[in-house]
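Structure below is my_file_16.cif: mmCIF, C-alpha atoms.
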```cif
data_data
#
loop_
_atom_site.label_atom_id
_atom_site.label_comp_id
_atom_site.auth_asym_id
_atom_site.auth_seq_id
_atom_site.Cartn_x
_atom_site.Cartn_y
_atom_site.Cartn_z
CA MET G 1 0.00 0.00 0.00
CA THR G 2 1.32 3.42 -0.97
CA LEU G 3 1.42 5.99 1.82
CA TYR G 4 1.78 9.74 1.47
CA LEU G 5 3.67 12.11 3.75
CA SER G 6 2.46 15.70 3.53
CA ARG G 7 3.25 18.98 5.25
CA LEU G 8 0.33 21.37 5.50
CA ARG G 9 0.81 25.04 6.31
CA LEU G 10 -1.99 27.44 7.06
CA SER G 11 -2.66 29.89 4.25
CA ARG G 12 -1.38 33.43 4.62
CA ALA G 13 -4.41 34.74 2.71
CA PRO G 14 -6.44 37.32 4.69
CA SER G 15 -9.55 35.14 4.55
CA ALA G 16 -7.71 32.29 6.28
CA GLN G 17 -5.84 34.52 8.75
CA ALA G 18 -9.16 36.00 9.85
CA LEU G 19 -10.01 32.54 11.24
CA ALA G 20 -6.71 32.15 13.08
CA THR G 21 -8.15 32.32 16.58
CA LEU G 22 -10.73 29.69 15.68
CA ILE G 23 -8.23 27.42 13.95
CA SER G 24 -5.61 27.68 16.71
CA PRO G 25 -7.15 28.77 20.02
CA GLN G 26 -4.87 29.46 22.98
CA ASP G 27 -6.34 26.76 25.22
CA ALA G 28 -4.37 23.57 24.55
CA SER G 29 -7.32 21.17 24.69
CA ALA G 30 -9.47 23.40 22.48
CA ARG G 31 -6.53 23.72 20.09
CA ILE G 32 -6.23 19.94 19.71
CA ASP G 33 -9.95 19.68 19.02
CA ALA G 34 -9.87 22.50 16.45
CA HIS G 35 -6.88 20.99 14.68
CA HIS G 36 -8.54 17.58 14.64
CA LYS G 37 -11.50 19.09 12.78
CA LEU G 38 -9.24 21.11 10.48
CA ILE G 39 -7.13 18.14 9.39
CA TRP G 40 -10.19 15.92 9.05
CA ALA G 41 -11.63 18.44 6.59
CA ALA G 42 -8.67 17.81 4.29
CA PHE G 43 -9.47 14.08 4.13
CA ALA G 44 -13.27 13.85 4.51
CA ASP G 45 -14.30 13.41 0.89
CA GLY G 46 -17.65 11.79 1.72
CA PRO G 47 -20.05 11.10 4.63
CA GLU G 48 -19.01 7.44 4.87
CA ARG G 49 -15.28 8.10 5.01
CA THR G 50 -13.40 6.63 7.98
CA ARG G 51 -10.08 7.99 9.20
CA ASP G 52 -7.14 6.60 7.24
CA PHE G 53 -4.49 9.13 8.24
CA LEU G 54 -2.23 10.18 11.10
CA TRP G 55 -1.25 13.75 11.87
CA ARG G 56 0.72 15.93 14.24
CA GLU G 57 1.27 19.63 14.76
CA GLU G 58 4.85 20.83 14.46
CA ALA G 59 6.54 23.58 16.48
CA ASP G 60 6.27 26.04 13.59
CA GLY G 61 2.48 25.64 13.42
CA SER G 62 2.50 23.41 10.35
CA PHE G 63 1.01 19.91 10.26
CA VAL G 64 2.52 16.64 9.09
CA THR G 65 0.19 13.91 7.88
CA LEU G 66 0.77 10.28 6.93
CA SER G 67 -2.10 8.91 4.90
CA ALA G 68 -3.30 6.20 2.58
CA ARG G 69 -4.34 8.88 0.04
CA PRO G 70 -3.22 12.45 -0.49
CA PRO G 71 -5.07 15.18 1.42
CA MET G 72 -7.37 17.37 -0.64
CA PRO G 73 -6.26 20.94 -1.44
CA MET G 74 -8.10 23.54 0.66
CA ASP G 75 -8.18 27.33 0.69
CA LEU G 76 -7.12 27.19 4.35
CA PHE G 77 -3.75 25.67 3.41
CA GLU G 78 -0.86 26.83 1.29
CA PRO G 79 -0.31 24.67 -1.82
CA PHE G 80 1.40 21.42 -0.82
CA GLU G 81 2.92 18.41 -2.54
CA PRO G 82 2.33 14.99 -0.94
CA LYS G 83 5.36 12.71 -1.16
CA PRO G 84 5.21 8.91 -1.38
CA PHE G 85 6.37 7.35 1.89
CA SER G 86 7.97 3.93 1.47
CA PRO G 87 11.18 3.70 3.51
CA VAL G 88 13.39 0.71 2.75
CA LEU G 89 14.26 -0.77 6.12
CA ALA G 90 16.12 -3.85 7.27
CA PRO G 91 16.80 -5.49 10.63
CA GLY G 92 19.68 -3.71 12.33
CA ASP G 93 18.90 -0.29 10.87
CA ARG G 94 19.11 2.47 13.44
CA LEU G 95 16.69 5.37 13.25
CA SER G 96 16.19 8.61 15.12
CA PHE G 97 12.54 9.13 15.94
CA ALA G 98 10.02 11.58 17.36
CA LEU G 99 6.64 10.44 18.62
CA ARG G 100 3.71 12.17 20.29
CA ALA G 101 1.77 9.42 22.02
CA ASN G 102 -1.21 8.69 24.21
CA ALA G 103 0.30 5.73 26.06
CA THR G 104 -2.17 3.36 27.69
CA ARG G 105 -2.46 -0.18 28.97
CA VAL G 106 -5.30 -2.42 30.10
CA LYS G 107 -5.56 -2.80 33.86
CA ARG G 108 -7.65 -5.70 35.05
CA GLU G 109 -9.70 -3.83 37.64
CA ALA G 110 -9.90 -0.48 35.87
CA GLY G 111 -9.94 -1.15 32.13
CA ARG G 112 -7.77 0.99 29.89
CA VAL G 113 -5.63 3.54 31.75
CA ASP G 114 -3.03 6.15 30.85
CA VAL G 115 0.29 4.68 32.00
CA VAL G 116 1.66 7.90 33.51
CA MET G 117 -1.60 9.04 35.07
CA ASP G 118 -2.12 5.61 36.63
CA ALA G 119 1.37 5.55 38.15
CA LEU G 120 0.97 9.08 39.51
CA HIS G 121 -2.37 8.26 41.12
CA ALA G 122 -0.63 5.52 43.11
CA LEU G 123 1.49 8.20 44.83
CA PRO G 124 0.41 10.57 47.62
CA SER G 125 -1.15 13.67 46.07
CA GLU G 126 1.52 15.98 47.53
CA ALA G 127 4.31 13.97 45.85
CA ARG G 128 2.87 13.82 42.33
CA ALA G 129 4.13 17.12 40.93
CA THR G 130 7.73 16.45 41.98
CA ALA G 131 7.64 12.84 40.77
CA ARG G 132 5.96 13.61 37.46
CA PRO G 133 9.09 13.86 35.22
CA GLU G 134 10.66 10.69 36.65
CA VAL G 135 7.39 8.76 36.41
CA ALA G 136 6.81 9.94 32.84
CA GLN G 137 10.33 8.84 31.84
CA ARG G 138 9.99 5.44 33.48
CA GLU G 139 6.47 4.63 32.33
CA GLY G 140 6.93 6.13 28.87
CA THR G 141 10.09 4.09 28.30
CA ALA G 142 8.44 0.87 29.48
CA TRP G 143 5.43 1.53 27.24
CA LEU G 144 7.65 2.13 24.20
CA GLU G 145 9.56 -1.07 24.90
CA ARG G 146 6.26 -2.99 24.90
CA GLN G 147 5.31 -1.31 21.64
CA GLY G 148 8.63 -2.29 20.11
CA ALA G 149 8.32 -5.92 21.15
CA ALA G 150 5.09 -6.16 19.17
CA ALA G 151 6.02 -3.84 16.29
CA GLY G 152 9.49 -4.90 15.21
CA PHE G 153 11.83 -2.44 16.90
CA LYS G 154 13.99 -2.04 19.99
CA PRO G 155 14.32 1.37 21.68
CA LEU G 156 17.97 2.22 22.28
CA VAL G 157 17.65 5.77 23.62
CA VAL G 158 14.37 7.16 24.95
CA THR G 159 13.93 10.75 26.08
CA ILE G 160 10.60 11.92 27.44
CA GLU G 161 10.57 15.59 26.56
CA GLY G 162 7.20 16.35 28.13
CA TYR G 163 3.94 15.02 29.45
CA ALA G 164 0.66 16.91 29.56
CA THR G 165 -2.97 16.05 30.18
CA HIS G 166 -5.85 17.42 28.14
CA ALA G 167 -9.60 17.47 28.57
CA LEU G 168 -11.41 15.09 26.27
CA PRO G 169 -12.81 17.24 23.41
CA ASP G 170 -16.58 17.63 23.17
CA TYR G 171 -17.16 16.51 26.77
CA ARG G 172 -20.25 18.30 28.05
CA GLY G 173 -20.53 17.06 31.63
CA PRO G 174 -19.53 18.72 34.93
CA ARG G 175 -16.03 20.18 35.13
CA LYS G 176 -15.17 18.06 38.17
CA GLY G 177 -14.23 14.59 37.03
CA GLN G 178 -13.87 15.68 33.41
CA PRO G 179 -12.29 12.87 31.33
CA GLN G 180 -8.68 13.53 30.39
CA PHE G 181 -6.03 11.90 28.26
CA GLY G 182 -2.26 12.23 28.52
CA ILE G 183 0.21 13.04 25.78
CA LEU G 184 3.87 12.05 25.95
CA GLU G 185 6.49 13.77 23.79
CA ILE G 186 9.07 11.08 23.06
CA SER G 187 12.29 11.20 21.06
CA GLY G 188 15.34 9.00 20.77
CA MET G 189 16.90 6.22 18.75
CA LEU G 190 15.64 2.76 17.88
CA GLU G 191 16.87 -0.33 16.08
CA VAL G 192 14.66 -2.15 13.61
CA THR G 193 14.27 -5.87 14.44
CA ASP G 194 11.45 -6.80 12.02
CA SER G 195 11.15 -4.42 9.09
CA ALA G 196 7.76 -5.72 7.90
CA ALA G 197 6.15 -5.43 11.33
CA PHE G 198 7.69 -2.01 11.93
CA GLY G 199 6.58 -0.67 8.56
CA ALA G 200 3.05 -1.91 9.11
CA GLN G 201 2.86 -0.24 12.52
CA LEU G 202 4.25 3.03 11.20
CA ALA G 203 1.22 3.15 8.89
CA GLN G 204 -1.19 2.37 11.72
CA GLY G 205 0.40 4.62 14.34
CA PHE G 206 1.36 3.98 17.95
CA GLY G 207 -0.89 4.25 20.99
CA ARG G 208 -4.35 5.81 21.09
CA ALA G 209 -5.92 9.26 20.57
CA LYS G 210 -4.79 9.23 16.94
CA ALA G 211 -7.70 11.49 15.99
CA PHE G 212 -6.17 14.14 18.26
CA GLY G 213 -2.68 14.31 16.79
CA CYS G 214 -1.04 11.32 18.48
CA GLY G 215 0.56 8.19 17.07
CA LEU G 216 2.57 9.45 14.09
CA MET G 217 6.21 8.44 14.46
CA LEU G 218 8.64 10.55 12.44
CA ILE G 219 11.85 8.67 11.54
CA ARG G 220 15.16 9.36 9.87
CA ARG G 221 18.43 7.49 9.52
CA ALA G 222 20.56 7.85 12.62
CA ARG G 223 23.92 9.47 12.09
#
```
structure tokens encoding of this file:
Amino acid sequence: MTLYLSRLRLSRAPSAQALATLISPQDASARIDAHHKLIWAAFADGPERTRDFLWREEADGSFVTLSARPPMPMDLFEPFEPKPFSPVLAPGDRLSFALRANATRVKREAGRVDVVMDALHALPSEARATARPEVAQREGTAWLERQGAAAGFKPLVVTIEGYATHALPDYRGPRKGQPQFGILEISGMLEVTDSAAFGAQLAQGFGRAKAFGCGLMLIRRAR
């Protein structure tokens, strides 16, 4: 299956810039929701369409998408040129990577839980803020190792650059107890152990919350 890697930049046309505060609100959770709807608009070519793409926002405000078909041109975006994505990989290849992930696991008594949130909740409330970076590093690394065991790669270097929680978009219930999901910013180096399995998982994405900008792993040859 051919995949396409695209970089989408918001149009500098006045008509698009007039919508800037709606497209990219200041509140982080609202921003994720708005971007989810924006990127979906570039792929929703019919009412029956299901999501067949991954996306992430970059630091410069652009978006990277990995998709089974090219995104559709829109007035809200500058002209773009999708590029075929078909990396030739072999066991033993070492790659630098960047991944924004909603890392979860299934817990027998609680169902699916965020790995960092769950570990923090096991600590006294007064200790959580101080322990947060260490817990995120430990749990994020362990989660990525589990992902690699199933998806044909071995993490060699894992750096957790950040962890943040966000309100679940479109939730309309009381503010107290509002559902949240966590996002880990992960970078590092990995070694491919099964190129077919790794390539297949790259196309599917890693973790959950893929509709909200998680799961797309960016890779390049390690120097």
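The residues returned by the PyMOL selection byres ((chain G and resi 218) around 6) on the shown structure are Phe97, Ala98, Met217 and Ile219 of chain G.
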TODO: Name all residues at most 10 Å from Tyr163 (chain G) (count all atoms listed in the file; drop same-chain ones fewer than 5 positions away) and give them as number ranges by chain.
DONE: G: 100-102, 116-117, 132-133, 135-137, 140, 182-186
Task: Pairwise distance for CA of Ala131 (chain G) and CA of Thr165 (chain G), rounded to one decimal in Å - done: 15.3 Å
- [ ] Determine the nearest neighbour of Val113 (chain G) from the options G:Glu78, G:Ala196, G:Leu168, G:Arg208, counting all atoms listed in the file.
- [x]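 Ranked by minimum distance to Val113 (chain G), first place goes to G:Arg208.
Take the candidates G:Gly207, G:Pro70, G:Gly213, G:Gly61 and check each one against Ala103 (chain G) using only C-alpha atoms; the shortest distance goes to G:Gly207.
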TODO: On this file, the PyMOL selection byres ((chain G and resi 29-33) around 8) gives some set of residues; write that set as a ChimeraX atom specification.
DONE: /G:23-28,34-37,166-169,212-213
TODO: Counting only C-alpha atoms, figure out which residue out of G:Leu144, G:Arg112, G:Asp93, G:Pro155 gets nearest to Phe181 (chain G).
DONE: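 Closest candidate: G:Arg112.
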Task: Residue list as a list of chain:residue names for point (-4.9, 9.7, 2.7), cut-off 10 Å, all atoms listed in the file - done: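 Applying the cut-off with all atoms listed in the file, one gets G:Thr2, G:Leu3, G:Tyr4, G:Leu5, G:Ser6, G:Ala42, G:Phe43, G:Ala44, G:Arg51, G:Asp52, G:Phe53, G:Leu54, G:Thr65, G:Leu66, G:Ser67, G:Ala68, G:Arg69, G:Pro70, G:Pro71, G:Met72, G:Pro82.
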TODO: Could you jot down the CA of Ala110 (chain G) to CA of Leu216 (chain G) separation for me, Å, one decimal place?
DONE: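 Interatomic distance, CA of Ala110 (chain G) to CA of Leu216 (chain G): 27.0 Å.
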